[in-house]
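Report on one structure; see the data block that follows.
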Amino acid sequence: MGSSSETGGAWSVMEDVSLCESWLHISHCPVTGNEMKFCHMWKKIHQDFCERVSGTTRTDQALSSRWKILNKELAKWRDALAKAMDNHRSGENLTSETIQAQMFFGATGQGKKSFNHTHCWEVVKNCKKFQIIPTGPTVVLNETPLYETPASDSPMDSPMSQDSPIEKEPRPIGRKAAKAKRGSNSTKSSSKFLEELSRMQAMRIEMDMKQQEHDRAIDVENAKEREYVRQQREYARQEREYARQEKIENKDRETMAMDTTHMSPDTKQYWKLERRDVMRRRLFRDDGPSNTDWLNDQNN
């Protein structure tokens, strides 16, 4: 598979969503969806994708490679949501269920630790391939013993026998009742363990969000500092340019004010040429080169 630069660069959220929409539209077409070959299907998906994303440079091979990645991530997210729904208990809201799904998704040990393609999931979640069939809430066995000794109306149960210091031996627990009790204890332990995992996952997500906000704040501060440095450099450059122009102006004024009456003819000719250069620069800067013909006439 080619690099991202060869296939059009990094994939944006809009491109991923458009790819999912094109795949769903072509592969689940009731007329031709089940009769197309693999290569023909991706050519049609590429055509549909180009209509949705104008000006794209993605090829059908690039779309097929990207869909392999998205398909794997979406399938893992479907399985994670199914586990979270099976583990759903009374009183929990959708947020806790989503956090549990993120926990199951990251616990697979393959690929990314969190699911980031929620927009793509909203597109494909209702198709047959990614549908989640709930299996109902977790069944918790009743801890009440299966058999209880009914209240006796025997005349032998007199107040004397009730006040007797001799305690009655408890009835042995049957095997079914003991098994139900062990199952209940195991379910409680599993529930506590999953609640602790959910709490830790929520704390980790909250810490990641705070870290992202902190990083964004640092990026903003760095951008402001870079802009300040750039402005200072530009100000210093303008100051240097102003000082250079001021130096040239002072030198030109000294040249124009030079007294040549006591100088030799060669020195007078030198300063005459210097003055012409000053006047030529001034005229070029102010009025343009069209006003310097009289200087050439004087030179001739």
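All residue names refer to the structure tokens as shown: chains lettered A, B, ... in order, residues numbered from 1 in each chain, ligands numbered from 1 in order.
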What are the nearest atom pairs, with distances in Å to one decimal, for all residues of stretch 197-224 of chain A that come at most 12 Å from stretch 112-127 of chain A, using only C-alpha atoms, set out by chain and rising residue number as a Markdown table?
```
| residue | atom | partner | partner_atom | distance |
| --- | --- | --- | --- | --- |
| A:Gln201 | CA | A:Ser114 | CA | 10.6 |
| A:Arg204 | CA | A:Ser114 | CA | 11.2 |
| A:Ile205 | CA | A:Ser114 | CA | 9.5 |
| A:Asp208 | CA | A:Ser114 | CA | 11.2 |
```
Go ahead and write the selection's residues with all heavy atoms as a compact mmCIF listing (two decimals), in the first residue's frame.
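Contents of the output file selection38.txt:
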```
# COMPACT_ATOMS: atom_id res chain seq x y z
N GLN A 201 -11.71 4.18 33.72
CA GLN A 201 -11.75 4.62 32.34
C GLN A 201 -12.27 6.05 32.22
O GLN A 201 -11.76 6.86 31.44
CB GLN A 201 -12.61 3.67 31.52
CG GLN A 201 -12.65 3.97 30.02
CD GLN A 201 -11.36 3.60 29.34
OE1 GLN A 201 -10.49 3.02 29.98
NE2 GLN A 201 -11.21 3.95 28.09
N ARG A 204 -9.58 8.36 33.25
CA ARG A 204 -8.54 8.49 32.24
C ARG A 204 -9.00 9.39 31.09
O ARG A 204 -8.23 10.23 30.59
CB ARG A 204 -8.18 7.11 31.68
CG ARG A 204 -7.01 7.10 30.72
CD ARG A 204 -6.69 5.70 30.25
NE ARG A 204 -7.76 5.21 29.41
CZ ARG A 204 -7.86 5.49 28.10
NH1 ARG A 204 -6.97 6.27 27.53
NH2 ARG A 204 -8.84 5.00 27.39
N ILE A 205 -10.26 9.22 30.67
CA ILE A 205 -10.79 10.07 29.60
C ILE A 205 -10.82 11.53 30.04
O ILE A 205 -10.47 12.45 29.28
CB ILE A 205 -12.19 9.58 29.18
CG1 ILE A 205 -12.10 8.20 28.52
CG2 ILE A 205 -12.86 10.59 28.25
CD1 ILE A 205 -13.45 7.60 28.20
N ASP A 208 -7.32 12.86 29.94
CA ASP A 208 -6.89 13.10 28.56
C ASP A 208 -7.51 14.39 28.03
O ASP A 208 -6.83 15.17 27.33
CB ASP A 208 -7.31 11.92 27.68
CG ASP A 208 -6.51 10.66 27.99
OD1 ASP A 208 -5.46 10.79 28.65
OD2 ASP A 208 -6.96 9.55 27.60
```
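Between A:Phe130 and the candidates A:Lys76, A:Arg58, A:Lys247, A:Lys83, the tightest atom-to-atom separation, counting only C-alpha atoms, involves A:Lys76.
The spacing separating atom CA of A:Met207 from atom CA of A:Met103 amounts to 14.8 Å.
Coordinates place atom CA of A:Ser96 at a distance of 25.8 Å from atom CA of A:Val17.
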